[in-house]
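S.K.: For reference, the file model-v6.tsv (TSV, C-alpha atoms and all ligand atoms) is included below:
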chain	number	residue	atom	x	y	z
A	1	VAL	CA	-51.88	53.27	12.58
A	2	GLY	CA	-51.40	56.85	11.41
A	3	SER	CA	-52.89	56.10	8.02
A	4	LEU	CA	-55.78	54.22	9.64
A	5	GLU	CA	-56.53	57.28	11.77
A	6	ALA	CA	-56.51	59.40	8.63
A	7	ARG	CA	-59.04	57.01	7.08
A	8	VAL	CA	-61.31	57.26	10.14
A	9	ARG	CA	-61.17	61.07	9.86
A	10	GLN	CA	-61.90	60.91	6.16
A	11	ALA	CA	-64.94	58.70	6.77
A	12	GLU	CA	-66.20	61.02	9.50
A	13	GLU	CA	-65.88	64.10	7.30
A	14	GLN	CA	-66.83	62.79	3.86
A	15	HIS	CA	-68.94	59.69	4.61
A	16	ARG	CA	-67.11	57.96	1.79
A	17	LEU	CA	-64.19	55.55	1.71
A	18	PRO	CA	-62.61	53.38	-0.94
A	19	ARG	CA	-63.09	49.64	-0.64
A	20	GLU	CA	-59.44	49.04	0.35
A	21	ALA	CA	-59.70	51.50	3.23
A	22	ILE	CA	-62.92	49.92	4.50
A	23	THR	CA	-61.28	46.50	4.35
A	24	ALA	CA	-58.19	47.77	6.19
A	25	LEU	CA	-60.32	49.24	9.00
A	26	LEU	CA	-62.41	46.07	9.29
A	27	ALA	CA	-59.12	44.20	9.72
A	28	ALA	CA	-57.76	46.55	12.41
A	29	PRO	CA	-58.63	45.89	16.07
A	30	GLU	CA	-56.30	48.80	16.90
A	31	ALA	CA	-58.67	51.19	15.08
A	32	GLU	CA	-61.80	49.96	16.88
A	33	LYS	CA	-61.91	52.62	19.60
A	34	SER	CA	-61.41	55.58	17.34
A	35	LEU	CA	-63.89	54.16	14.81
A	36	ALA	CA	-66.47	53.83	17.57
A	37	ALA	CA	-65.81	57.35	18.88
A	38	ALA	CA	-66.14	58.84	15.39
A	39	ALA	CA	-69.30	56.82	14.74
A	40	ASP	CA	-70.76	57.98	18.05
A	41	ARG	CA	-70.19	61.63	17.05
A	42	VAL	CA	-71.75	61.08	13.62
A	43	ARG	CA	-74.69	59.24	15.19
A	44	ARG	CA	-75.29	62.16	17.54
A	45	ALA	CA	-75.00	64.78	14.78
A	46	PHE	CA	-77.26	63.00	12.26
A	47	VAL	CA	-79.86	61.07	14.28
A	48	GLY	CA	-79.47	62.47	17.79
A	49	ASP	CA	-79.47	60.92	21.25
A	50	GLY	CA	-82.90	59.26	20.98
A	51	VAL	CA	-82.95	55.47	20.85
A	52	HIS	CA	-85.89	54.01	18.94
A	53	LEU	CA	-87.47	50.92	20.44
A	54	ARG	CA	-89.26	48.60	18.02
A	55	GLY	CA	-91.47	45.90	19.51
A	56	LEU	CA	-90.64	42.59	17.85
A	57	ILE	CA	-93.49	40.09	17.34
A	58	GLU	CA	-92.21	36.68	16.24
A	59	PHE	CA	-95.51	35.38	14.94
A	60	SER	CA	-94.55	32.08	13.28
A	61	ASN	CA	-91.42	29.93	13.33
A	62	ILE	CA	-92.57	27.80	10.39
A	63	CYS	CA	-90.26	28.20	7.40
A	64	ARG	CA	-90.15	26.83	3.87
A	65	GLN	CA	-86.43	27.67	3.51
A	66	ASP	CA	-83.44	25.66	4.65
A	67	CYS	CA	-80.64	28.12	5.52
A	68	MET	CA	-77.70	26.16	6.89
A	69	TYR	CA	-77.18	28.41	9.94
A	70	CYS	CA	-80.76	29.03	11.05
A	71	GLY	CA	-82.60	27.06	13.71
A	72	LEU	CA	-85.94	27.62	11.95
A	73	ARG	CA	-84.78	25.81	8.77
A	74	ARG	CA	-87.38	23.35	7.54
A	75	GLU	CA	-85.08	20.34	8.05
A	76	ASN	CA	-84.71	21.06	11.77
A	77	GLY	CA	-87.03	18.57	13.45
A	78	LYS	CA	-86.00	19.65	16.96
A	79	VAL	CA	-87.78	22.98	17.06
A	80	LYS	CA	-91.38	23.07	18.33
A	81	ARG	CA	-93.28	24.86	15.59
A	82	TYR	CA	-95.97	27.45	16.26
A	83	ARG	CA	-98.06	29.98	14.41
A	84	LEU	CA	-99.90	32.76	16.26
A	85	SER	CA	-103.48	33.58	15.36
A	86	ALA	CA	-104.37	36.94	13.85
A	87	ASP	CA	-106.12	37.92	17.09
A	88	THR	CA	-103.04	37.05	19.16
A	89	ILE	CA	-100.76	39.05	16.86
A	90	VAL	CA	-103.00	42.11	17.07
A	91	GLU	CA	-103.23	41.70	20.85
A	92	LEU	CA	-99.40	41.65	21.12
A	93	ALA	CA	-99.29	44.81	18.99
A	94	ARG	CA	-101.80	46.45	21.33
A	95	LYS	CA	-99.61	45.52	24.31
A	96	ALA	CA	-96.52	46.85	22.50
A	97	LYS	CA	-98.34	50.14	22.11
A	98	GLY	CA	-99.05	50.00	25.85
A	99	TYR	CA	-95.32	49.66	26.58
A	100	GLY	CA	-94.85	52.88	24.63
A	101	TYR	CA	-93.40	51.34	21.48
A	102	GLN	CA	-94.28	53.26	18.31
A	103	THR	CA	-93.33	50.52	15.87
A	104	VAL	CA	-94.03	46.82	15.76
A	105	VAL	CA	-91.90	44.48	13.69
A	106	LEU	CA	-93.84	41.45	12.46
A	107	GLN	CA	-91.24	38.76	11.89
A	108	SER	CA	-91.61	35.10	10.94
A	109	GLY	CA	-90.09	32.26	9.03
A	110	GLU	CA	-91.19	32.04	5.41
A	111	ASP	CA	-94.62	30.67	6.38
A	112	ILE	CA	-96.89	30.71	3.35
A	113	TYR	CA	-99.97	30.05	5.49
A	114	PHE	CA	-99.79	33.81	5.82
A	115	THR	CA	-100.98	34.60	2.34
A	116	ALA	CA	-100.71	38.18	1.19
A	117	GLU	CA	-104.41	38.68	2.01
A	118	ARG	CA	-104.16	37.20	5.52
A	119	LEU	CA	-101.15	39.29	6.45
A	120	ALA	CA	-102.63	42.42	4.85
A	121	ALA	CA	-105.71	42.07	7.08
A	122	ILE	CA	-103.44	41.90	10.16
A	123	VAL	CA	-101.45	44.93	9.00
A	124	ARG	CA	-104.69	46.92	8.58
A	125	ARG	CA	-105.83	46.05	12.11
A	126	ILE	CA	-102.47	47.08	13.59
A	127	LYS	CA	-102.31	50.30	11.58
A	128	ALA	CA	-105.66	51.20	13.13
A	129	LEU	CA	-103.79	51.30	16.48
A	130	ASP	CA	-101.60	54.13	15.13
A	131	LEU	CA	-98.37	52.14	15.09
A	132	ALA	CA	-95.68	52.06	12.43
A	133	VAL	CA	-95.50	48.54	10.98
A	134	THR	CA	-92.33	46.81	9.84
A	135	LEU	CA	-92.61	43.46	8.07
A	136	SER	CA	-89.86	40.84	8.05
A	137	VAL	CA	-91.26	37.72	6.44
A	138	GLY	CA	-88.79	36.93	3.68
A	139	GLU	CA	-88.96	36.70	-0.08
A	140	ARG	CA	-92.30	37.30	-1.80
A	141	SER	CA	-93.50	38.67	-5.13
A	142	TYR	CA	-93.85	42.33	-6.07
A	143	GLU	CA	-97.64	41.92	-5.96
A	144	GLU	CA	-97.58	40.58	-2.39
A	145	TYR	CA	-95.27	43.37	-1.23
A	146	ALA	CA	-97.58	45.85	-2.99
A	147	LEU	CA	-100.66	44.54	-1.17
A	148	TRP	CA	-98.96	44.90	2.24
A	149	ARG	CA	-97.75	48.38	1.38
A	150	ALA	CA	-101.32	49.34	0.39
A	151	ALA	CA	-102.50	47.87	3.71
A	152	GLY	CA	-100.23	50.40	5.45
A	153	ALA	CA	-96.93	48.60	6.08
A	154	ASP	CA	-94.21	51.23	6.46
A	155	ARG	CA	-90.95	49.31	6.45
A	156	TYR	CA	-89.49	45.96	5.47
A	157	LEU	CA	-86.46	44.07	6.78
A	158	LEU	CA	-84.68	41.58	4.55
A	159	ARG	CA	-81.02	40.98	5.23
A	160	ILE	CA	-78.90	40.26	2.19
A	161	GLU	CA	-76.74	38.25	4.68
A	162	THR	CA	-73.70	38.56	2.37
A	163	THR	CA	-73.14	40.19	-1.01
A	164	ASP	CA	-70.76	37.37	-1.93
A	165	GLU	CA	-73.11	35.52	-4.26
A	166	VAL	CA	-71.21	32.22	-4.01
A	167	VAL	CA	-71.13	32.29	-0.20
A	168	TYR	CA	-74.81	33.33	-0.13
A	169	GLU	CA	-75.97	30.45	-2.29
A	170	ARG	CA	-73.79	27.94	-0.45
A	171	TRP	CA	-75.39	28.65	2.95
A	172	ASP	CA	-78.90	29.47	1.70
A	173	PRO	CA	-79.36	26.45	-0.56
A	174	GLY	CA	-82.29	26.68	-2.95
A	175	MET	CA	-82.30	30.45	-2.75
A	176	ALA	CA	-81.01	32.75	-5.50
A	177	TYR	CA	-78.94	35.80	-4.66
A	178	ALA	CA	-80.49	37.60	-7.63
A	179	ASN	CA	-83.98	37.11	-6.20
A	180	ARG	CA	-82.96	38.62	-2.89
A	181	VAL	CA	-81.67	41.70	-4.69
A	182	ARG	CA	-84.90	41.77	-6.72
A	183	CYS	CA	-86.92	41.78	-3.46
A	184	LEU	CA	-84.94	44.74	-2.10
A	185	ARG	CA	-85.44	46.63	-5.37
A	186	ASP	CA	-89.21	45.93	-5.38
A	187	LEU	CA	-89.55	47.05	-1.77
A	188	ARG	CA	-87.76	50.31	-2.53
A	189	ALA	CA	-89.91	50.90	-5.65
A	190	LEU	CA	-93.04	50.41	-3.54
A	191	GLY	CA	-91.99	53.13	-1.11
A	192	TYR	CA	-91.09	51.03	1.91
A	193	GLU	CA	-88.30	52.09	4.18
A	194	VAL	CA	-85.88	49.28	3.35
A	195	GLY	CA	-83.78	47.49	5.92
A	196	THR	CA	-81.15	44.91	5.16
A	197	GLY	CA	-77.92	43.68	6.70
A	198	THR	CA	-75.10	41.21	7.07
A	199	LEU	CA	-74.64	37.95	8.93
A	200	VAL	CA	-71.02	38.33	10.04
A	201	GLY	CA	-68.95	35.17	10.13
A	202	LEU	CA	-70.45	32.97	7.44
A	203	PRO	CA	-67.71	30.48	6.49
A	204	GLY	CA	-65.96	31.69	3.33
A	205	GLN	CA	-66.96	35.33	3.83
A	206	SER	CA	-63.95	37.66	3.43
A	207	LEU	CA	-63.32	41.11	4.90
A	208	ALA	CA	-63.32	42.48	1.36
A	209	SER	CA	-66.81	41.05	0.88
A	210	ILE	CA	-67.97	42.70	4.12
A	211	ALA	CA	-66.58	45.96	2.70
A	212	ASP	CA	-68.62	45.23	-0.42
A	213	ASP	CA	-71.71	44.76	1.77
A	214	ILE	CA	-71.22	48.28	3.16
A	215	LEU	CA	-70.76	49.73	-0.33
A	216	PHE	CA	-73.91	47.86	-1.44
A	217	TYR	CA	-75.88	49.44	1.43
A	218	GLN	CA	-74.59	52.86	0.37
A	219	ARG	CA	-75.49	52.19	-3.27
A	220	ILE	CA	-79.08	51.11	-2.52
A	221	ASP	CA	-79.34	53.93	0.08
A	222	ALA	CA	-80.55	51.49	2.76
A	223	ASP	CA	-82.78	53.12	5.38
A	224	MET	CA	-81.91	50.53	8.03
A	225	VAL	CA	-78.99	48.13	8.39
A	226	GLY	CA	-79.03	45.37	11.01
A	227	ILE	CA	-75.99	43.18	11.47
A	228	GLY	CA	-75.01	40.47	13.89
A	229	PRO	CA	-72.42	37.73	14.32
A	230	LEU	CA	-73.13	34.13	13.41
A	231	ILE	CA	-74.00	32.15	16.54
A	232	PRO	CA	-73.60	28.49	15.57
A	233	ASN	CA	-76.77	26.52	16.20
A	234	PRO	CA	-76.01	22.86	17.04
A	235	ASP	CA	-79.27	21.77	15.39
A	236	THR	CA	-78.06	23.05	11.99
A	237	PRO	CA	-75.33	22.04	9.51
A	238	LEU	CA	-73.28	25.08	10.61
A	239	GLY	CA	-73.45	23.97	14.25
A	240	LYS	CA	-69.70	23.42	14.46
A	241	ALA	CA	-68.67	26.56	12.59
A	242	ALA	CA	-66.65	29.24	14.39
A	243	PRO	CA	-68.84	32.00	15.86
A	244	GLY	CA	-68.79	35.40	14.18
A	245	ASP	CA	-66.32	37.91	15.60
A	246	PHE	CA	-68.02	40.35	17.97
A	247	HIS	CA	-65.32	43.00	17.55
A	248	LEU	CA	-65.32	42.76	13.76
A	249	THR	CA	-69.10	43.20	13.92
A	250	ARG	CA	-68.65	46.24	16.14
A	251	ARG	CA	-66.18	47.78	13.67
A	252	MET	CA	-68.68	47.11	10.91
A	253	VAL	CA	-71.46	48.91	12.85
A	254	SER	CA	-69.18	51.93	13.31
A	255	LEU	CA	-68.23	51.98	9.63
A	256	LEU	CA	-71.91	51.72	8.70
A	257	ARG	CA	-72.68	54.80	10.78
A	258	LEU	CA	-69.78	56.74	9.26
A	259	LEU	CA	-70.71	55.81	5.70
A	260	LEU	CA	-74.54	55.82	6.02
A	261	PRO	CA	-74.88	58.63	8.56
A	262	GLU	CA	-78.71	58.87	8.46
A	263	ALA	CA	-79.49	55.19	8.65
A	264	ASN	CA	-81.34	53.53	11.49
A	265	ILE	CA	-78.93	50.96	12.88
A	266	PRO	CA	-80.00	48.49	15.57
A	267	ALA	CA	-77.92	47.09	18.39
A	268	THR	CA	-79.00	43.52	17.74
A	269	THR	CA	-79.97	40.72	20.12
A	270	ALA	CA	-77.15	38.56	18.73
A	271	MET	CA	-74.60	41.14	19.95
A	272	GLU	CA	-76.05	40.99	23.47
A	273	THR	CA	-76.09	37.19	23.30
A	274	MET	CA	-72.35	37.10	22.54
A	275	VAL	CA	-71.29	39.71	25.10
A	276	PRO	CA	-73.30	40.82	28.17
A	277	HIS	CA	-74.22	44.49	27.69
A	278	GLY	CA	-73.14	44.14	24.08
A	279	ARG	CA	-76.13	46.22	22.99
A	280	GLU	CA	-74.99	49.20	25.06
A	281	LEU	CA	-71.50	48.94	23.62
A	282	ILE	CA	-73.00	48.92	20.13
A	283	LEU	CA	-75.34	51.83	20.96
A	284	ALA	CA	-72.18	53.73	21.91
A	285	SER	CA	-70.46	52.67	18.64
A	286	GLY	CA	-72.93	54.07	16.11
A	287	ALA	CA	-76.28	52.31	16.67
A	288	ASN	CA	-79.56	54.08	17.53
A	289	VAL	CA	-82.25	51.36	17.58
A	290	VAL	CA	-83.12	48.40	19.82
A	291	MET	CA	-85.76	45.79	19.01
A	292	PRO	CA	-87.11	44.39	22.29
A	293	ASN	CA	-89.03	41.17	21.90
A	294	VAL	CA	-92.74	41.44	22.78
A	295	THR	CA	-93.57	37.79	21.98
A	296	GLU	CA	-94.91	35.96	25.06
A	297	GLY	CA	-94.94	32.44	26.50
A	298	ASP	CA	-93.76	29.33	24.63
A	299	PRO	CA	-93.39	31.07	21.26
A	300	ARG	CA	-90.84	33.43	22.81
A	301	ARG	CA	-88.67	30.39	23.61
A	302	ASN	CA	-89.35	28.55	20.40
A	303	TYR	CA	-88.30	31.30	17.98
A	304	ALA	CA	-84.85	29.80	18.25
A	305	LEU	CA	-82.65	31.09	15.42
A	306	TYR	CA	-79.58	30.39	17.55
A	307	PRO	CA	-78.90	29.11	21.10
A	308	GLY	CA	-78.61	31.31	24.17
A	309	LYS	CA	-80.78	34.14	22.85
A	310	VAL	CA	-81.04	36.73	25.61
A	311	CYS	CA	-84.30	37.83	27.27
A	312	VAL	CA	-86.10	34.59	26.39
A	313	ALA	CA	-86.89	34.02	30.09
A	314	ASP	CA	-87.91	37.65	30.71
A	315	THR	CA	-91.37	39.11	30.22
A	316	PRO	CA	-91.89	41.81	27.59
A	317	ALA	CA	-92.66	44.28	30.39
A	318	ALA	CA	-89.38	43.44	32.16
A	319	CYS	CA	-87.41	44.01	28.95
A	320	ARG	CA	-89.21	47.29	28.49
A	321	SER	CA	-88.04	48.68	31.84
A	322	CYS	CA	-84.62	47.03	31.56
A	323	MET	CA	-83.95	48.62	28.19
A	324	SER	CA	-85.19	52.09	29.07
A	325	GLY	CA	-83.12	52.01	32.27
A	326	ARG	CA	-80.00	51.02	30.38
A	327	ILE	CA	-80.59	53.71	27.75
A	328	ARG	CA	-81.02	56.42	30.37
A	329	ALA	CA	-77.91	55.19	32.21
A	330	MET	CA	-75.95	55.86	29.00
A	331	GLY	CA	-77.12	59.47	28.94
A	332	ARG	CA	-79.44	58.75	26.02
A	333	PHE	CA	-83.25	58.68	25.95
A	334	VAL	CA	-86.07	56.60	24.51
A	335	ALA	CA	-87.29	58.44	21.40
A	336	LYS	CA	-90.94	59.42	21.44
A	337	ASP	CA	-91.57	59.62	17.70
A	338	LYS	CA	-92.07	56.81	15.19
A	339	GLY	CA	-88.44	56.96	14.13
A	340	PHE	CA	-88.63	57.20	10.38
A	341	ARG	CA	-85.34	57.65	8.60
A	342	HIS	CA	-83.82	61.13	8.87
A	343	HIS	CA	-83.22	62.75	5.49
A	344	ARG	CA	-80.47	65.27	5.06
A	345	GLN	CA	-81.50	68.57	3.48
A	346	HIS	CA	-80.21	68.70	-0.07
A	347	GLY	CA	-79.14	71.90	-1.84
A	348	GLY	CA	-79.55	75.30	-0.19
B	401	LIG	N1	-76.77	33.27	14.26
B	401	LIG	C1	-76.94	34.60	14.10
B	401	LIG	N2	-77.90	35.14	13.32
B	401	LIG	C2	-78.73	34.30	12.68
B	401	LIG	N3	-79.76	34.54	11.85
B	401	LIG	C3	-80.30	33.36	11.48
B	401	LIG	N4	-79.63	32.34	12.06
B	401	LIG	C4	-78.63	32.91	12.80
B	401	LIG	C5	-77.59	32.39	13.63
B	401	LIG	N5	-77.41	31.07	13.80
B	401	LIG	C6	-80.13	35.89	11.39
B	401	LIG	C7	-80.14	36.00	9.86
B	401	LIG	C8	-81.57	36.40	9.56
B	401	LIG	C9	-82.02	37.01	10.86
B	401	LIG	C10	-83.50	37.06	11.06
B	401	LIG	O1	-81.42	36.19	11.83
B	401	LIG	O2	-79.24	37.03	9.48
B	401	LIG	O3	-81.68	37.31	8.49
B	402	LIG	FE1	-84.63	41.99	28.02
B	402	LIG	FE2	-82.86	43.57	29.46
B	402	LIG	S1	-83.74	43.89	27.52
B	402	LIG	S2	-83.96	41.77	30.10
Take the structure I supplied and represent it as structure tokens, if you would.

M.R.:
Amino acid sequence: VGSLEARVRQAEEQHRLPREAITALLAAPEAEKSLAAAADRVRRAFVGDGVHLRGLIEFSNICRQDCMYCGLRRENGKVKRYRLSADTIVELARKAKGYGYQTVVLQSGEDIYFTAERLAAIVRRIKALDLAVTLSVGERSYEEYALWRAAGADRYLLRIETTDEVVYERWDPGMAYANRVRCLRDLRALGYEVGTGTLVGLPGQSLASIADDILFYQRIDADMVGIGPLIPNPDTPLGKAAPGDFHLTRRMVSLLRLLLPEANIPATTAMETMVPHGRELILASGANVVMPNVTEGDPRRNYALYPGKVCVADTPAACRSCMSGRIRAMGRFVAKDKGFRHHRQHGG
């Protein structure tokens, strides 16, 4: 335990750790509290007490991909498919602005009805509302990403899921690990703030590979890192897999904060789904972002990545007051700015 504590201190002071030390801390439930406390101090020093709320618009659950864990996979005949109109999407963004959110995240399955042109037109209309726009619509070409960037999109979320190429291609059949890395590189080259992350608990994923994920995020200088545990979806081939480990995921969040001190790190919905008030625990363990869902009505229910997703029965307005109340109760506050990534001053 003594040497683990020394590693936590080293990470807090230097924001660097060798792979073996990261792996050892991921494996150590006994280090979880001190990791979280160190991550909470680093979070406060680098990104402050403000919590950024991003309004999530799940605008289509139609997907051309077939990921073995995801309820939206094309082979899942049980999910009721929907696609929101451009007017509805813009209206939800307008309401998000009304709730005080400064960013909307436009997320969907890989629905190619939304051509680059169609989505660019929506981005332009939302940018006219003075909102930051994050896109999360999967793998596309450099040219498509470029068109959206020119339309005003600020950020892009694309989880790598795992940096273990063999595990990645086993559970995302038909998808190439190399193309996912290519997408992240293109997004960076185009000047997006780049968000990525890990799905914790994919069968075959090792702790060493999770350590590699963290080192990968450091190497690509990820602006945002969102992680969550696998929640087995009975309507998918991984329906009988073991769920991801909440506490391992929490240790990973804390290590991410220690090793990427400026990053925006969300307390994800999957964490709350596994443990009531899980988001608050994660906000106190290094995270500084929450993504409340602003999708309404049937689509809110039918964007079913995994079962039991929290807040599905609540209105967007109820989640708005719930979240700000919980944040204030923690002694934190809802940030008022758009929440771009903090950059450390270099030199001087
Ligand atoms: N459990 C937890 N997370 C999931 N995702 C997809 N399916 C599941 C599941 N069953 C995550 C993936 C994806 C993100 C949008 O949702 O990591 O990148
Ligand atoms: Fe949705 Fe609390 S955040 S009900």

S.K.: I'd like to know which of A:Tyr177, A:Phe59, A:Phe46, A:Tyr145 is closest to Glu296 (chain A), using all atoms listed in the file.

M.R.: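 Between A:Tyr177, A:Phe59, A:Phe46, A:Tyr145, the residue approaching Glu296 (chain A) most closely is A:Phe59.
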
S.K.: Given only C-alpha atoms and all ligand atoms as the basis, pick out the residue of A:Lys95, A:Arg43, A:Arg250, A:Arg54 nearest to ligand LIG 402 (chain B).

M.R.: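 The shortest atom-to-atom distance to ligand LIG 402 (chain B) comes from A:Arg54.
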
S.K.: I'd like a table as CSV: residues in region 244-336 of chain A with an atom no more than 9 Å from region 100-105 of chain A, each row giving the shortest atom pair and its distance in Å to one decimal, all atoms listed in the file counted, sorted by chain and rising residue number.

M.R.:
residue,atom,partner,partner_atom,distance
A:Met291,CA,A:Val105,CA,8.2
A:Val294,CA,A:Val104,CA,8.9
A:Arg320,CA,A:Gly100,CA,8.8
A:Lys336,CA,A:Gln102,CA,7.7

S.K.: What lies within 12 Å of Ser141 (chain A) using only C-alpha atoms, ignoring chain neighbours under 3 positions off, as a PDB file with C-alpha atoms, in the frame of the given file?

M.R.:
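After the write, part.pdb holds the following:
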ATOM      1  CA  THR A 115    -100.980  34.600   2.340  1.00  0.00           C
ATOM      2  CA  ALA A 116    -100.710  38.180   1.190  1.00  0.00           C
ATOM      3  CA  VAL A 137     -91.260  37.720   6.440  1.00  0.00           C
ATOM      4  CA  GLY A 138     -88.790  36.930   3.680  1.00  0.00           C
ATOM      5  CA  GLU A 144     -97.580  40.580  -2.390  1.00  0.00           C
ATOM      6  CA  TYR A 145     -95.270  43.370  -1.230  1.00  0.00           C
ATOM      7  CA  ALA A 146     -97.580  45.850  -2.990  1.00  0.00           C
ATOM      8  CA  LEU A 147    -100.660  44.540  -1.170  1.00  0.00           C
ATOM      9  CA  TRP A 148     -98.960  44.900   2.240  1.00  0.00           C
ATOM     10  CA  ASN A 179     -83.980  37.110  -6.200  1.00  0.00           C
ATOM     11  CA  ARG A 180     -82.960  38.620  -2.890  1.00  0.00           C
ATOM     12  CA  ARG A 182     -84.900  41.770  -6.720  1.00  0.00           C
ATOM     13  CA  CYS A 183     -86.920  41.780  -3.460  1.00  0.00           C
ATOM     14  CA  LEU A 184     -84.940  44.740  -2.100  1.00  0.00           C
ATOM     15  CA  ARG A 185     -85.440  46.630  -5.370  1.00  0.00           C
ATOM     16  CA  ASP A 186     -89.210  45.930  -5.380  1.00  0.00           C
ATOM     17  CA  LEU A 187     -89.550  47.050  -1.770  1.00  0.00           C
ATOM     18  CA  LEU A 190     -93.040  50.410  -3.540  1.00  0.00           C
TER      19      LEU A 190
END

S.K.: Using only C-alpha atoms, which of A:Glu280, A:Glu117, A:Asp223, A:Asp314 sits nearest Pro261 (chain A)?

M.R.: A:Asp223

S.K.: Rounded to one decimal place, report the CA of Ala189 (chain A)-CA of Tyr142 (chain A) distance in Å.

M.R.: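 According to the coordinates, CA of Ala189 (chain A) and CA of Tyr142 (chain A) are separated by 9.4 Å.
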
S.K.: Kindly compile the residues surrounding ligand LIG 402 (chain B) within 8 Å, counting all atoms listed in the file, and format them as a ChimeraX atom specification.

M.R.: /A:292-293,310-312,314-316,318-323

S.K.: Excluding same-chain residues fewer than 4 positions from Val133 (chain A), what lies within 10 Å of it counting all atoms listed in the file, as a list of chain:residue names?

M.R.: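 Residues meeting the cut-off are A:Arg54, A:Gly55, A:Ala93, A:Gln102, A:Thr103, A:Val104, A:Val105, A:Leu106, A:Val123, A:Arg124, A:Ile126, A:Lys127, A:Arg149, A:Gly152, A:Ala153, A:Asp154, A:Arg155, A:Tyr156, A:Lys338.
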
S.K.: When the cut-off is 7 Å and you count all atoms listed in the file, which residues lie near ligand LIG 401 (chain B), shown as a PyMOL selection string?

M.R.: chain A and resi 69-71+158-159+161+198-199+228-233+270+305-306

S.K.: Between CA of Ile214 (chain A) and CA of Leu259 (chain A), what is the distance in Å, rounded to a tenth?

M.R.: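 Going from CA of Ile214 (chain A) over to CA of Leu259 (chain A) covers 8.0 Å.
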
S.K.: Have a look at A:Gly244, A:Phe216, A:Asp298, A:Met271 and name the one nearest to Leu283 (chain A); count only C-alpha atoms.

M.R.: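 Distance minimum relative to Leu283 (chain A) lands on A:Met271.
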
S.K.: Find the residue from A:Leu4, A:Leu202, A:Ile22, A:Ala121 that sits nearest to Val253 (chain A); use all atoms listed in the file when measuring.

M.R.: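 Result for the nearest residue to Val253 (chain A): A:Ile22.
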
S.K.: With distances taken over only C-alpha atoms, which residue among A:Met252, A:Leu84, A:Val334, A:Gln107 lies nearest Ala28 (chain A)?

M.R.: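 Looking at the shortest contact to Ala28 (chain A), the residue is A:Met252.
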
S.K.: Which residues, written as a PyMOL selection string, have at least one atom at most 8 Å from Leu17 (chain A), with only C-alpha atoms counted and residues fewer than 6 positions away on the same chain left out?

M.R.: chain A and resi 7+10-11+259

S.K.: Around (-68.5, 39.4, 1.5) in the file's frame, which residues reach within 12 Å when counting all atoms listed in the file? Return as a ChimeraX atom specification?

M.R.: /A:19,23,26,160-168,197-216

S.K.: Can you tell me, as number ranges by chain, what residues are no more than 8 Å from Asp235 (chain A) when counting only C-alpha atoms, ignoring any on the same chain fewer than 4 positions away?

M.R.: A: 71, 76, 78, 239

S.K.: Between CA of Ala313 (chain A) and CA of Glu272 (chain A), measure the distance and give it in Å to one decimal.

M.R.: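 Calculated distance between CA of Ala313 (chain A) and CA of Glu272 (chain A) is 14.5 Å.
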
S.K.: Could you list, as a PyMOL selection string, every residue within 10 Å of Phe114 (chain A), counting all atoms listed in the file and ignoring same-chain residues fewer than 4 positions away?

M.R.: chain A and resi 60+83+86+108+110+118-120+122+137

S.K.: Please save C-alpha atoms of the selected residues as a CSV table (one decimal), in the frame of the given file.

M.R.:
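For reference, again-v4.csv as written:
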chain,number,residue,atom,x,y,z
A,60,SER,CA,-94.6,32.1,13.3
A,83,ARG,CA,-98.1,30.0,14.4
A,86,ALA,CA,-104.4,36.9,13.8
A,108,SER,CA,-91.6,35.1,10.9
A,110,GLU,CA,-91.2,32.0,5.4
A,118,ARG,CA,-104.2,37.2,5.5
A,119,LEU,CA,-101.2,39.3,6.4
A,120,ALA,CA,-102.6,42.4,4.8
A,122,ILE,CA,-103.4,41.9,10.2
A,137,VAL,CA,-91.3,37.7,6.4

S.K.: Counting all atoms listed in the file, find residues at most 9 Å from (-77.7, 51.3, 3.6) (file frame) and give them as a list in words.

M.R.: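 Within the cut-off we find Val194, Gly195, Thr196, Gly197, Ile214, Leu215, Phe216, Tyr217, Gln218, Arg219, Ile220, Asp221, Ala222, Asp223, Met224, Val225, Leu256, Leu259, Leu260, Ala263 and Asn264 of chain A.
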
S.K.: Please produce a file of those selected residues containing C-alpha atoms, as a tab-separated table (two decimals), keeping the file's coordinate frame.

M.R.:
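Saved as out-v8.tsv:
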chain	number	residue	atom	x	y	z
A	194	VAL	CA	-85.88	49.28	3.35
A	195	GLY	CA	-83.78	47.49	5.92
A	196	THR	CA	-81.15	44.91	5.16
A	197	GLY	CA	-77.92	43.68	6.70
A	214	ILE	CA	-71.22	48.28	3.16
A	215	LEU	CA	-70.76	49.73	-0.33
A	216	PHE	CA	-73.91	47.86	-1.44
A	217	TYR	CA	-75.88	49.44	1.43
A	218	GLN	CA	-74.59	52.86	0.37
A	219	ARG	CA	-75.49	52.19	-3.27
A	220	ILE	CA	-79.08	51.11	-2.52
A	221	ASP	CA	-79.34	53.93	0.08
A	222	ALA	CA	-80.55	51.49	2.76
A	223	ASP	CA	-82.78	53.12	5.38
A	224	MET	CA	-81.91	50.53	8.03
A	225	VAL	CA	-78.99	48.13	8.39
A	256	LEU	CA	-71.91	51.72	8.70
A	259	LEU	CA	-70.71	55.81	5.70
A	260	LEU	CA	-74.54	55.82	6.02
A	263	ALA	CA	-79.49	55.19	8.65
A	264	ASN	CA	-81.34	53.53	11.49
